[in-house]
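Enquirer: My structure file start-v4.tsv, TSV, N, CA and C atoms, is below:
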chain	number	residue	atom	x	y	z
A	350	MET	N	53.83	-30.33	83.81
A	350	MET	CA	54.55	-29.66	82.75
A	350	MET	C	53.57	-29.29	81.64
A	351	SER	N	53.61	-28.06	81.21
A	351	SER	CA	52.68	-27.62	80.18
A	351	SER	C	53.23	-27.94	78.80
A	352	ASP	N	52.34	-28.06	77.85
A	352	ASP	CA	52.69	-28.37	76.47
A	352	ASP	C	52.75	-27.07	75.69
A	353	SER	N	53.93	-26.66	75.28
A	353	SER	CA	54.10	-25.37	74.62
A	353	SER	C	53.84	-25.41	73.12
A	354	ARG	N	53.51	-26.59	72.59
A	354	ARG	CA	53.22	-26.67	71.16
A	354	ARG	C	51.97	-25.84	70.83
A	355	PRO	N	51.87	-25.36	69.61
A	355	PRO	CA	50.71	-24.54	69.25
A	355	PRO	C	49.44	-25.37	69.03
A	356	ILE	N	48.33	-24.66	69.03
A	356	ILE	CA	47.03	-25.21	68.63
A	356	ILE	C	46.86	-24.89	67.15
A	357	GLY	N	46.39	-25.85	66.38
A	357	GLY	CA	46.14	-25.63	64.97
A	357	GLY	C	44.65	-25.48	64.71
A	358	ILE	N	44.30	-24.52	63.88
A	358	ILE	CA	42.91	-24.29	63.49
A	358	ILE	C	42.86	-24.21	61.97
A	359	PHE	N	41.88	-24.91	61.36
A	359	PHE	CA	41.70	-24.70	59.93
A	359	PHE	C	40.23	-24.51	59.59
A	360	ASP	N	40.03	-23.79	58.51
A	360	ASP	CA	38.71	-23.53	57.95
A	360	ASP	C	38.85	-23.55	56.44
A	361	SER	N	37.72	-23.61	55.75
A	361	SER	CA	37.75	-23.60	54.29
A	361	SER	C	37.93	-22.19	53.75
A	362	GLY	N	38.01	-21.21	54.60
A	362	GLY	CA	38.17	-19.82	54.17
A	362	GLY	C	38.54	-18.97	55.35
A	363	VAL	N	37.84	-17.85	55.51
A	363	VAL	CA	38.17	-16.91	56.59
A	363	VAL	C	37.12	-16.87	57.70
A	364	GLY	N	36.01	-17.58	57.54
A	364	GLY	CA	34.97	-17.58	58.57
A	364	GLY	C	35.46	-18.10	59.91
A	365	GLY	N	36.43	-19.01	59.86
A	365	GLY	CA	36.98	-19.57	61.09
A	365	GLY	C	37.79	-18.58	61.89
A	366	LEU	N	38.03	-17.40	61.35
A	366	LEU	CA	38.74	-16.38	62.12
A	366	LEU	C	37.95	-15.99	63.37
A	367	THR	N	36.63	-16.13	63.33
A	367	THR	CA	35.83	-15.87	64.53
A	367	THR	C	36.13	-16.93	65.60
A	368	VAL	N	36.32	-18.17	65.17
A	368	VAL	CA	36.71	-19.24	66.09
A	368	VAL	C	38.10	-18.95	66.65
A	369	PHE	N	39.02	-18.56	65.77
A	369	PHE	CA	40.37	-18.18	66.19
A	369	PHE	C	40.31	-17.11	67.28
A	370	SER	N	39.50	-16.09	67.04
A	370	SER	CA	39.37	-14.98	67.99
A	370	SER	C	38.87	-15.45	69.34
A	371	GLU	N	37.88	-16.34	69.34
A	371	GLU	CA	37.33	-16.85	70.61
A	371	GLU	C	38.34	-17.73	71.35
A	372	VAL	N	39.09	-18.54	70.61
A	372	VAL	CA	40.11	-19.38	71.23
A	372	VAL	C	41.21	-18.48	71.82
A	373	GLU	N	41.57	-17.45	71.08
A	373	GLU	CA	42.59	-16.51	71.56
A	373	GLU	C	42.15	-15.82	72.85
A	374	LYS	N	40.87	-15.45	72.92
A	374	LYS	CA	40.34	-14.83	74.15
A	374	LYS	C	40.33	-15.81	75.32
A	375	ALA	N	39.90	-17.04	75.05
A	375	ALA	CA	39.78	-18.04	76.11
A	375	ALA	C	41.14	-18.57	76.57
A	376	LEU	N	42.10	-18.60	75.65
A	376	LEU	CA	43.42	-19.17	75.94
A	376	LEU	C	44.51	-18.19	75.51
A	377	PRO	N	44.62	-17.05	76.19
A	377	PRO	CA	45.52	-15.99	75.73
A	377	PRO	C	47.00	-16.35	75.72
A	378	ARG	N	47.40	-17.36	76.44
A	378	ARG	CA	48.82	-17.74	76.48
A	378	ARG	C	49.19	-18.78	75.42
A	379	GLU	N	48.21	-19.26	74.69
A	379	GLU	CA	48.46	-20.28	73.69
A	379	GLU	C	48.88	-19.67	72.36
A	380	GLU	N	49.82	-20.32	71.71
A	380	GLU	CA	50.17	-19.97	70.33
A	380	GLU	C	49.18	-20.70	69.43
A	381	ILE	N	48.70	-20.02	68.41
A	381	ILE	CA	47.71	-20.60	67.50
A	381	ILE	C	48.21	-20.45	66.06
A	382	ILE	N	48.08	-21.53	65.31
A	382	ILE	CA	48.37	-21.48	63.88
A	382	ILE	C	47.05	-21.65	63.15
A	383	TYR	N	46.71	-20.67	62.32
A	383	TYR	CA	45.44	-20.68	61.58
A	383	TYR	C	45.72	-20.92	60.11
A	384	PHE	N	45.00	-21.87	59.53
A	384	PHE	CA	45.10	-22.13	58.10
A	384	PHE	C	43.73	-21.95	57.46
A	385	GLY	N	43.60	-20.97	56.59
A	385	GLY	CA	42.37	-20.74	55.84
A	385	GLY	C	42.57	-21.21	54.41
A	386	ASP	N	41.85	-22.23	54.02
A	386	ASP	CA	42.02	-22.83	52.69
A	386	ASP	C	41.23	-22.04	51.64
A	387	THR	N	41.61	-20.80	51.43
A	387	THR	CA	40.88	-19.93	50.51
A	387	THR	C	41.07	-20.34	49.05
A	388	ALA	N	42.08	-21.14	48.75
A	388	ALA	CA	42.31	-21.58	47.37
A	388	ALA	C	41.23	-22.56	46.90
A	389	ARG	N	40.61	-23.29	47.85
A	389	ARG	CA	39.66	-24.34	47.45
A	389	ARG	C	38.25	-24.09	47.99
A	390	VAL	N	38.00	-22.88	48.46
A	390	VAL	CA	36.68	-22.52	48.97
A	390	VAL	C	35.69	-22.46	47.80
A	391	PRO	N	34.44	-22.80	47.94
A	391	PRO	CA	33.75	-23.28	49.14
A	391	PRO	C	33.79	-24.81	49.24
A	392	TYR	N	33.79	-25.32	50.46
A	392	TYR	CA	33.75	-26.76	50.68
A	392	TYR	C	32.33	-27.31	50.53
A	393	GLY	N	31.34	-26.49	50.82
A	393	GLY	CA	29.95	-26.95	50.89
A	393	GLY	C	29.36	-27.48	49.60
A	394	THR	N	30.01	-27.23	48.47
A	394	THR	CA	29.51	-27.72	47.19
A	394	THR	C	30.27	-28.95	46.73
A	395	LYS	N	31.21	-29.40	47.54
A	395	LYS	CA	32.07	-30.52	47.15
A	395	LYS	C	31.58	-31.82	47.81
A	396	SER	N	32.02	-32.94	47.26
A	396	SER	CA	31.63	-34.25	47.80
A	396	SER	C	32.29	-34.49	49.15
A	397	LYS	N	31.74	-35.44	49.88
A	397	LYS	CA	32.31	-35.83	51.17
A	397	LYS	C	33.76	-36.29	51.00
A	398	GLU	N	34.02	-37.05	49.94
A	398	GLU	CA	35.37	-37.55	49.68
A	398	GLU	C	36.35	-36.40	49.45
A	399	THR	N	35.91	-35.41	48.69
A	399	THR	CA	36.77	-34.26	48.40
A	399	THR	C	37.02	-33.44	49.67
A	400	VAL	N	35.97	-33.17	50.43
A	400	VAL	CA	36.11	-32.42	51.68
A	400	VAL	C	37.04	-33.16	52.63
A	401	THR	N	36.90	-34.47	52.71
A	401	THR	CA	37.76	-35.27	53.59
A	401	THR	C	39.21	-35.22	53.10
A	402	LYS	N	39.43	-35.32	51.81
A	402	LYS	CA	40.78	-35.23	51.25
A	402	LYS	C	41.41	-33.88	51.61
A	403	PHE	N	40.67	-32.80	51.40
A	403	PHE	CA	41.17	-31.47	51.73
A	403	PHE	C	41.45	-31.36	53.23
A	404	SER	N	40.55	-31.90	54.04
A	404	SER	CA	40.70	-31.82	55.50
A	404	SER	C	41.95	-32.56	55.97
A	405	VAL	N	42.19	-33.74	55.40
A	405	VAL	CA	43.40	-34.50	55.74
A	405	VAL	C	44.63	-33.68	55.36
A	406	GLU	N	44.63	-33.09	54.18
A	406	GLU	CA	45.77	-32.26	53.76
A	406	GLU	C	45.97	-31.07	54.70
A	407	ASN	N	44.88	-30.48	55.15
A	407	ASN	CA	44.97	-29.34	56.07
A	407	ASN	C	45.57	-29.76	57.41
A	408	VAL	N	45.13	-30.90	57.92
A	408	VAL	CA	45.69	-31.40	59.19
A	408	VAL	C	47.16	-31.76	59.00
A	409	GLU	N	47.50	-32.38	57.88
A	409	GLU	CA	48.91	-32.71	57.63
A	409	GLU	C	49.76	-31.45	57.62
A	410	PHE	N	49.25	-30.38	57.02
A	410	PHE	CA	49.97	-29.10	57.03
A	410	PHE	C	50.19	-28.62	58.46
A	411	LEU	N	49.13	-28.66	59.27
A	411	LEU	CA	49.25	-28.21	60.66
A	411	LEU	C	50.19	-29.11	61.46
A	412	MET	N	50.18	-30.40	61.17
A	412	MET	CA	51.06	-31.34	61.88
A	412	MET	C	52.53	-31.03	61.60
A	413	LYS	N	52.84	-30.48	60.44
A	413	LYS	CA	54.22	-30.08	60.13
A	413	LYS	C	54.69	-28.96	61.06
A	414	HIS	N	53.73	-28.28	61.70
A	414	HIS	CA	54.04	-27.22	62.67
A	414	HIS	C	53.94	-27.73	64.11
A	415	ASN	N	53.91	-29.07	64.24
A	415	ASN	CA	53.95	-29.72	65.55
A	415	ASN	C	52.83	-29.27	66.49
A	416	VAL	N	51.61	-29.19	65.97
A	416	VAL	CA	50.49	-28.77	66.81
A	416	VAL	C	50.12	-29.86	67.80
A	417	LYS	N	49.56	-29.45	68.93
A	417	LYS	CA	49.15	-30.40	69.97
A	417	LYS	C	47.68	-30.75	69.88
A	418	LEU	N	46.94	-29.97	69.08
A	418	LEU	CA	45.49	-30.13	68.95
A	418	LEU	C	45.08	-29.46	67.65
A	419	VAL	N	44.07	-30.02	66.99
A	419	VAL	CA	43.53	-29.39	65.78
A	419	VAL	C	42.06	-29.09	66.02
A	420	LEU	N	41.70	-27.85	65.74
A	420	LEU	CA	40.31	-27.42	65.80
A	420	LEU	C	39.83	-27.22	64.37
A	421	VAL	N	38.84	-28.00	63.96
A	421	VAL	CA	38.26	-27.89	62.63
A	421	VAL	C	37.18	-26.82	62.70
A	422	ALA	N	37.50	-25.61	62.25
A	422	ALA	CA	36.59	-24.47	62.39
A	422	ALA	C	35.58	-24.39	61.24
A	423	CYS	N	35.60	-25.34	60.36
A	423	CYS	CA	34.70	-25.39	59.21
A	423	CYS	C	33.53	-26.32	59.52
A	424	ASN	N	32.31	-25.80	59.44
A	424	ASN	CA	31.14	-26.64	59.69
A	424	ASN	C	31.05	-27.80	58.71
A	425	THR	N	31.33	-27.54	57.44
A	425	THR	CA	31.24	-28.61	56.44
A	425	THR	C	32.26	-29.70	56.73
A	426	ALA	N	33.51	-29.33	56.97
A	426	ALA	CA	34.54	-30.33	57.29
A	426	ALA	C	34.23	-31.03	58.61
A	427	SER	N	33.72	-30.30	59.60
A	427	SER	CA	33.35	-30.92	60.87
A	427	SER	C	32.24	-31.94	60.68
A	428	SER	N	31.26	-31.61	59.86
A	428	SER	CA	30.12	-32.51	59.69
A	428	SER	C	30.43	-33.71	58.81
A	429	LEU	N	31.34	-33.57	57.86
A	429	LEU	CA	31.63	-34.65	56.92
A	429	LEU	C	32.89	-35.45	57.22
A	430	SER	N	33.87	-34.85	57.89
A	430	SER	CA	35.20	-35.47	57.96
A	430	SER	C	35.75	-35.68	59.36
A	431	LEU	N	35.10	-35.14	60.37
A	431	LEU	CA	35.69	-35.15	61.71
A	431	LEU	C	36.01	-36.56	62.21
A	432	ASP	N	35.07	-37.48	62.08
A	432	ASP	CA	35.31	-38.84	62.57
A	432	ASP	C	36.51	-39.49	61.87
A	433	PHE	N	36.62	-39.29	60.57
A	433	PHE	CA	37.76	-39.83	59.82
A	433	PHE	C	39.07	-39.22	60.31
A	434	LEU	N	39.08	-37.90	60.48
A	434	LEU	CA	40.29	-37.22	60.95
A	434	LEU	C	40.72	-37.74	62.32
A	435	LYS	N	39.76	-37.96	63.20
A	435	LYS	CA	40.08	-38.46	64.54
A	435	LYS	C	40.73	-39.84	64.48
A	436	ARG	N	40.32	-40.65	63.50
A	436	ARG	CA	40.90	-41.99	63.36
A	436	ARG	C	42.30	-41.94	62.73
A	437	CYS	N	42.59	-40.92	61.95
A	437	CYS	CA	43.83	-40.86	61.18
A	437	CYS	C	45.00	-40.20	61.89
A	438	PHE	N	44.71	-39.37	62.86
A	438	PHE	CA	45.78	-38.58	63.49
A	438	PHE	C	45.84	-38.84	64.99
A	439	ARG	N	47.03	-38.66	65.53
A	439	ARG	CA	47.25	-38.98	66.95
A	439	ARG	C	47.08	-37.79	67.88
A	440	VAL	N	46.79	-36.62	67.35
A	440	VAL	CA	46.51	-35.47	68.21
A	440	VAL	C	45.00	-35.35	68.37
A	441	PRO	N	44.54	-34.75	69.45
A	441	PRO	CA	43.10	-34.53	69.58
A	441	PRO	C	42.61	-33.62	68.44
A	442	ILE	N	41.47	-33.96	67.90
A	442	ILE	CA	40.85	-33.16	66.84
A	442	ILE	C	39.41	-32.90	67.25
A	443	ILE	N	39.06	-31.61	67.29
A	443	ILE	CA	37.69	-31.25	67.67
A	443	ILE	C	37.08	-30.39	66.57
A	444	GLY	N	35.77	-30.48	66.48
A	444	GLY	CA	35.03	-29.71	65.48
A	444	GLY	C	34.18	-28.64	66.13
A	445	VAL	N	33.39	-27.98	65.31
A	445	VAL	CA	32.57	-26.88	65.80
A	445	VAL	C	31.08	-27.20	65.85
A	446	ILE	N	30.67	-28.36	65.35
A	446	ILE	CA	29.24	-28.69	65.32
A	446	ILE	C	28.68	-28.86	66.73
A	447	GLU	N	29.29	-29.72	67.53
A	447	GLU	CA	28.75	-29.99	68.87
A	447	GLU	C	28.77	-28.76	69.77
A	448	PRO	N	29.87	-27.99	69.83
A	448	PRO	CA	29.84	-26.78	70.66
A	448	PRO	C	28.79	-25.77	70.17
A	449	GLY	N	28.64	-25.65	68.85
A	449	GLY	CA	27.63	-24.74	68.30
A	449	GLY	C	26.22	-25.19	68.65
A	450	ALA	N	25.97	-26.47	68.53
A	450	ALA	CA	24.64	-27.02	68.87
A	450	ALA	C	24.37	-26.86	70.37
A	451	ARG	N	25.36	-27.13	71.19
A	451	ARG	CA	25.20	-26.99	72.65
A	451	ARG	C	24.86	-25.55	73.01
A	452	ASN	N	25.57	-24.61	72.40
A	452	ASN	CA	25.31	-23.19	72.66
A	452	ASN	C	23.90	-22.81	72.22
A	453	ALA	N	23.47	-23.31	71.07
A	453	ALA	CA	22.13	-23.01	70.58
A	453	ALA	C	21.06	-23.57	71.51
A	454	VAL	N	21.24	-24.82	71.95
A	454	VAL	CA	20.28	-25.45	72.87
A	454	VAL	C	20.20	-24.66	74.17
A	455	ASN	N	21.33	-24.23	74.68
A	455	ASN	CA	21.37	-23.49	75.94
A	455	ASN	C	20.87	-22.07	75.82
A	456	SER	N	20.82	-21.54	74.60
A	456	SER	CA	20.43	-20.15	74.40
A	456	SER	C	18.98	-19.95	73.98
A	457	THR	N	18.37	-20.98	73.39
A	457	THR	CA	17.02	-20.80	72.88
A	457	THR	C	16.01	-20.57	74.00
A	458	LYS	N	15.08	-19.66	73.74
A	458	LYS	CA	14.03	-19.38	74.73
A	458	LYS	C	12.70	-20.01	74.34
A	459	ASN	N	12.60	-20.44	73.07
A	459	ASN	CA	11.34	-21.01	72.59
A	459	ASN	C	11.52	-22.43	72.03
A	460	ASN	N	12.65	-23.06	72.33
A	460	ASN	CA	12.97	-24.41	71.87
A	460	ASN	C	13.04	-24.52	70.35
A	461	ARG	N	13.32	-23.42	69.67
A	461	ARG	CA	13.51	-23.42	68.23
A	461	ARG	C	14.93	-22.96	67.93
A	462	ILE	N	15.54	-23.65	66.97
A	462	ILE	CA	16.90	-23.33	66.58
A	462	ILE	C	16.94	-23.27	65.06
A	463	GLY	N	17.51	-22.21	64.54
A	463	GLY	CA	17.72	-22.09	63.10
A	463	GLY	C	19.18	-22.32	62.79
A	464	VAL	N	19.45	-23.01	61.71
A	464	VAL	CA	20.81	-23.28	61.30
A	464	VAL	C	21.01	-22.77	59.88
A	465	VAL	N	22.02	-21.95	59.70
A	465	VAL	CA	22.41	-21.50	58.38
A	465	VAL	C	23.70	-22.24	58.04
A	466	GLY	N	23.72	-22.93	56.93
A	466	GLY	CA	24.91	-23.69	56.58
A	466	GLY	C	24.92	-24.04	55.11
A	467	THR	N	26.01	-24.64	54.70
A	467	THR	CA	26.11	-25.11	53.32
A	467	THR	C	25.17	-26.30	53.13
A	468	ASN	N	24.87	-26.60	51.88
A	468	ASN	CA	24.04	-27.77	51.59
A	468	ASN	C	24.63	-29.02	52.21
A	469	ALA	N	25.94	-29.18	52.08
A	469	ALA	CA	26.60	-30.38	52.61
A	469	ALA	C	26.44	-30.48	54.12
A	470	THR	N	26.56	-29.37	54.82
A	470	THR	CA	26.43	-29.37	56.28
A	470	THR	C	25.00	-29.72	56.67
A	471	ILE	N	24.02	-29.10	56.03
A	471	ILE	CA	22.61	-29.35	56.38
A	471	ILE	C	22.23	-30.78	56.05
A	472	ILE	N	22.59	-31.26	54.85
A	472	ILE	CA	22.23	-32.61	54.42
A	472	ILE	C	22.87	-33.67	55.31
A	473	SER	N	24.04	-33.36	55.87
A	473	SER	CA	24.73	-34.35	56.72
A	473	SER	C	23.92	-34.68	57.97
A	474	GLY	N	23.05	-33.78	58.40
A	474	GLY	CA	22.28	-34.01	59.62
A	474	GLY	C	23.09	-33.85	60.90
A	475	ALA	N	24.30	-33.37	60.80
A	475	ALA	CA	25.19	-33.28	61.97
A	475	ALA	C	24.65	-32.37	63.05
A	476	PHE	N	24.10	-31.21	62.65
A	476	PHE	CA	23.56	-30.29	63.65
A	476	PHE	C	22.34	-30.91	64.32
A	477	GLU	N	21.47	-31.50	63.51
A	477	GLU	CA	20.26	-32.12	64.07
A	477	GLU	C	20.63	-33.21	65.07
A	478	LYS	N	21.60	-34.03	64.72
A	478	LYS	CA	22.06	-35.09	65.62
A	478	LYS	C	22.66	-34.49	66.89
A	479	ALA	N	23.47	-33.47	66.75
A	479	ALA	CA	24.12	-32.85	67.92
A	479	ALA	C	23.10	-32.17	68.84
A	480	VAL	N	22.08	-31.57	68.26
A	480	VAL	CA	21.05	-30.91	69.07
A	480	VAL	C	20.27	-31.95	69.88
A	481	LYS	N	19.98	-33.08	69.26
A	481	LYS	CA	19.23	-34.15	69.96
A	481	LYS	C	20.08	-34.75	71.04
For this file, write the structure as C-alpha cells.

Expert:
Amino acid sequence: MSDSRPIGIFDSGVGGLTVFSEVEKALPREEIIYFGDTARVPYGTKSKETVTKFSVENVEFLMKHNVKLVLVACNTASSLSLDFLKRCFRVPIIGVIEPGARNAVNSTKNNRIGVVGTNATIISGAFEKAVK
C-alpha cells in the first residue's frame, strides 16, 4: 500500500525551489508542500540555536499538513539542525549536505571541490565531513 501523504520541503528562502524541482522530476506522482521562510532569511548569519528554533517551527508547520517525510533544502539548517530535527520528529528527515557532497565527489575530475555557502554552513564543517 502506498503512502499518499505529501512530502514536505523547507528552505530559508527560495533557493530550495531547485530542490523542489528535482524532487518533482524524480517523483512526479508525489504531492509536495514547499515552505520558504522568506520572513526570516538569511539563516546563515544567525546562531545555531536560532536556526534550530526556526527549523523546528518549519517542520511543525509541515507536520500540520500530515507530511510523510521532510526534506531540509537549506544548507545552513541541514548543517546546524538536522541531527536535532531527526531526534525530535517521527517522520524521516533528510538534508541536502550529504547528497550534495556525494554528487561533488562523484563529479570532480581533479579531486578538488569548491563549496559556496553561508558562514554558518562553512564553519560547521558539515560539507568537509560529508566529503570525507

Enquirer: List the spatial neighbours of range 378-385 of chain A as a PDB file with N, CA and C atoms, keeping the file's coordinate frame - criterion: any atom at most 8 Å away, only C-alpha atoms, same-chain residues fewer than 4 positions off excluded.

Expert:
ATOM      1  N   SER A 353      53.930 -26.660  75.280  1.00  0.00           N
ATOM      2  CA  SER A 353      54.100 -25.370  74.620  1.00  0.00           C
ATOM      3  C   SER A 353      53.840 -25.410  73.120  1.00  0.00           C
ATOM      4  N   ARG A 354      53.510 -26.590  72.590  1.00  0.00           N
ATOM      5  CA  ARG A 354      53.220 -26.670  71.160  1.00  0.00           C
ATOM      6  C   ARG A 354      51.970 -25.840  70.830  1.00  0.00           C
ATOM      7  N   PRO A 355      51.870 -25.360  69.610  1.00  0.00           N
ATOM      8  CA  PRO A 355      50.710 -24.540  69.250  1.00  0.00           C
ATOM      9  C   PRO A 355      49.440 -25.370  69.030  1.00  0.00           C
ATOM     10  N   ILE A 356      48.330 -24.660  69.030  1.00  0.00           N
ATOM     11  CA  ILE A 356      47.030 -25.210  68.630  1.00  0.00           C
ATOM     12  C   ILE A 356      46.860 -24.890  67.150  1.00  0.00           C
ATOM     13  N   GLY A 357      46.390 -25.850  66.380  1.00  0.00           N
ATOM     14  CA  GLY A 357      46.140 -25.630  64.970  1.00  0.00           C
ATOM     15  C   GLY A 357      44.650 -25.480  64.710  1.00  0.00           C
ATOM     16  N   ILE A 358      44.300 -24.520  63.880  1.00  0.00           N
ATOM     17  CA  ILE A 358      42.910 -24.290  63.490  1.00  0.00           C
ATOM     18  C   ILE A 358      42.860 -24.210  61.970  1.00  0.00           C
ATOM     19  N   PHE A 359      41.880 -24.910  61.360  1.00  0.00           N
ATOM     20  CA  PHE A 359      41.700 -24.700  59.930  1.00  0.00           C
ATOM     21  C   PHE A 359      40.230 -24.510  59.590  1.00  0.00           C
ATOM     22  N   ASP A 360      40.030 -23.790  58.510  1.00  0.00           N
ATOM     23  CA  ASP A 360      38.710 -23.530  57.950  1.00  0.00           C
ATOM     24  C   ASP A 360      38.850 -23.550  56.440  1.00  0.00           C
ATOM     25  N   SER A 361      37.720 -23.610  55.750  1.00  0.00           N
ATOM     26  CA  SER A 361      37.750 -23.600  54.290  1.00  0.00           C
ATOM     27  C   SER A 361      37.930 -22.190  53.750  1.00  0.00           C
ATOM     28  N   GLY A 362      38.010 -21.210  54.600  1.00  0.00           N
ATOM     29  CA  GLY A 362      38.170 -19.820  54.170  1.00  0.00           C
ATOM     30  C   GLY A 362      38.540 -18.970  55.350  1.00  0.00           C
ATOM     31  N   VAL A 363      37.840 -17.850  55.510  1.00  0.00           N
ATOM     32  CA  VAL A 363      38.170 -16.910  56.590  1.00  0.00           C
ATOM     33  C   VAL A 363      37.120 -16.870  57.700  1.00  0.00           C
ATOM     34  N   GLY A 365      36.430 -19.010  59.860  1.00  0.00           N
ATOM     35  CA  GLY A 365      36.980 -19.570  61.090  1.00  0.00           C
ATOM     36  C   GLY A 365      37.790 -18.580  61.890  1.00  0.00           C
ATOM     37  N   LEU A 366      38.030 -17.400  61.350  1.00  0.00           N
ATOM     38  CA  LEU A 366      38.740 -16.380  62.120  1.00  0.00           C
ATOM     39  C   LEU A 366      37.950 -15.990  63.370  1.00  0.00           C
ATOM     40  N   PHE A 369      39.020 -18.560  65.770  1.00  0.00           N
ATOM     41  CA  PHE A 369      40.370 -18.180  66.190  1.00  0.00           C
ATOM     42  C   PHE A 369      40.310 -17.110  67.280  1.00  0.00           C
ATOM     43  N   GLU A 373      41.570 -17.450  71.080  1.00  0.00           N
ATOM     44  CA  GLU A 373      42.590 -16.510  71.560  1.00  0.00           C
ATOM     45  C   GLU A 373      42.150 -15.820  72.850  1.00  0.00           C
ATOM     46  N   ASN A 407      44.880 -30.480  55.150  1.00  0.00           N
ATOM     47  CA  ASN A 407      44.970 -29.340  56.070  1.00  0.00           C
ATOM     48  C   ASN A 407      45.570 -29.760  57.410  1.00  0.00           C
ATOM     49  N   LEU A 411      49.130 -28.660  59.270  1.00  0.00           N
ATOM     50  CA  LEU A 411      49.250 -28.210  60.660  1.00  0.00           C
ATOM     51  C   LEU A 411      50.190 -29.110  61.460  1.00  0.00           C
TER      52      LEU A 411
END

Enquirer: Nearest to Phe476 in chain A: which of A:Asn460, A:Thr394, A:Ile443, A:Pro448 is it, counting only C-alpha atoms?

Expert: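 Using only C-alpha atoms, the shortest distance to Phe476 in chain A belongs to A:Pro448.
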
Enquirer: Step one, run DSSP on the backbone; step two, keep only residues of chain A assigned to strand (DSSP E or B); then write them as a list in words.

Expert: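 Here are the strand (DSSP E or B) residues of chain A: Ile356, Gly357, Ile358, Phe359, Asp360, Ile381, Ile382, Tyr383, Phe384, Gly385, Leu418, Val419, Leu420, Val421, Ile442 and Ile443 of chain A.
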
Enquirer: Take the residues just selected and output them with N, CA and C atoms as a PDB file, keeping the file's coordinate frame.

Expert:
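Saved result, out_29.pdb, follows:
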ATOM      1  N   ILE A 356      48.330 -24.660  69.030  1.00  0.00           N
ATOM      2  CA  ILE A 356      47.030 -25.210  68.630  1.00  0.00           C
ATOM      3  C   ILE A 356      46.860 -24.890  67.150  1.00  0.00           C
ATOM      4  N   GLY A 357      46.390 -25.850  66.380  1.00  0.00           N
ATOM      5  CA  GLY A 357      46.140 -25.630  64.970  1.00  0.00           C
ATOM      6  C   GLY A 357      44.650 -25.480  64.710  1.00  0.00           C
ATOM      7  N   ILE A 358      44.300 -24.520  63.880  1.00  0.00           N
ATOM      8  CA  ILE A 358      42.910 -24.290  63.490  1.00  0.00           C
ATOM      9  C   ILE A 358      42.860 -24.210  61.970  1.00  0.00           C
ATOM     10  N   PHE A 359      41.880 -24.910  61.360  1.00  0.00           N
ATOM     11  CA  PHE A 359      41.700 -24.700  59.930  1.00  0.00           C
ATOM     12  C   PHE A 359      40.230 -24.510  59.590  1.00  0.00           C
ATOM     13  N   ASP A 360      40.030 -23.790  58.510  1.00  0.00           N
ATOM     14  CA  ASP A 360      38.710 -23.530  57.950  1.00  0.00           C
ATOM     15  C   ASP A 360      38.850 -23.550  56.440  1.00  0.00           C
ATOM     16  N   ILE A 381      48.700 -20.020  68.410  1.00  0.00           N
ATOM     17  CA  ILE A 381      47.710 -20.600  67.500  1.00  0.00           C
ATOM     18  C   ILE A 381      48.210 -20.450  66.060  1.00  0.00           C
ATOM     19  N   ILE A 382      48.080 -21.530  65.310  1.00  0.00           N
ATOM     20  CA  ILE A 382      48.370 -21.480  63.880  1.00  0.00           C
ATOM     21  C   ILE A 382      47.050 -21.650  63.150  1.00  0.00           C
ATOM     22  N   TYR A 383      46.710 -20.670  62.320  1.00  0.00           N
ATOM     23  CA  TYR A 383      45.440 -20.680  61.580  1.00  0.00           C
ATOM     24  C   TYR A 383      45.720 -20.920  60.110  1.00  0.00           C
ATOM     25  N   PHE A 384      45.000 -21.870  59.530  1.00  0.00           N
ATOM     26  CA  PHE A 384      45.100 -22.130  58.100  1.00  0.00           C
ATOM     27  C   PHE A 384      43.730 -21.950  57.460  1.00  0.00           C
ATOM     28  N   GLY A 385      43.600 -20.970  56.590  1.00  0.00           N
ATOM     29  CA  GLY A 385      42.370 -20.740  55.840  1.00  0.00           C
ATOM     30  C   GLY A 385      42.570 -21.210  54.410  1.00  0.00           C
ATOM     31  N   LEU A 418      46.940 -29.970  69.080  1.00  0.00           N
ATOM     32  CA  LEU A 418      45.490 -30.130  68.950  1.00  0.00           C
ATOM     33  C   LEU A 418      45.080 -29.460  67.650  1.00  0.00           C
ATOM     34  N   VAL A 419      44.070 -30.020  66.990  1.00  0.00           N
ATOM     35  CA  VAL A 419      43.530 -29.390  65.780  1.00  0.00           C
ATOM     36  C   VAL A 419      42.060 -29.090  66.020  1.00  0.00           C
ATOM     37  N   LEU A 420      41.700 -27.850  65.740  1.00  0.00           N
ATOM     38  CA  LEU A 420      40.310 -27.420  65.800  1.00  0.00           C
ATOM     39  C   LEU A 420      39.830 -27.220  64.370  1.00  0.00           C
ATOM     40  N   VAL A 421      38.840 -28.000  63.960  1.00  0.00           N
ATOM     41  CA  VAL A 421      38.260 -27.890  62.630  1.00  0.00           C
ATOM     42  C   VAL A 421      37.180 -26.820  62.700  1.00  0.00           C
ATOM     43  N   ILE A 442      41.470 -33.960  67.900  1.00  0.00           N
ATOM     44  CA  ILE A 442      40.850 -33.160  66.840  1.00  0.00           C
ATOM     45  C   ILE A 442      39.410 -32.900  67.250  1.00  0.00           C
ATOM     46  N   ILE A 443      39.060 -31.610  67.290  1.00  0.00           N
ATOM     47  CA  ILE A 443      37.690 -31.250  67.670  1.00  0.00           C
ATOM     48  C   ILE A 443      37.080 -30.390  66.570  1.00  0.00           C
TER      49      ILE A 443
END

Enquirer: Just to confirm, what's the straight-line distance from atom N of Val421 in chain A to atom C of Lys458 in chain A in Å (one decimal)?

Expert: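 That distance, rounded to one decimal, is 29.2 Å.
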
Enquirer: Given the choices A:Gly364, A:Leu434, A:Val390, A:Val445, which gets closest to Leu420 in chain A if the distance is worked out from only C-alpha atoms?

Expert: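 Once distances to Leu420 in chain A are computed over only C-alpha atoms, the minimum belongs to A:Val445.
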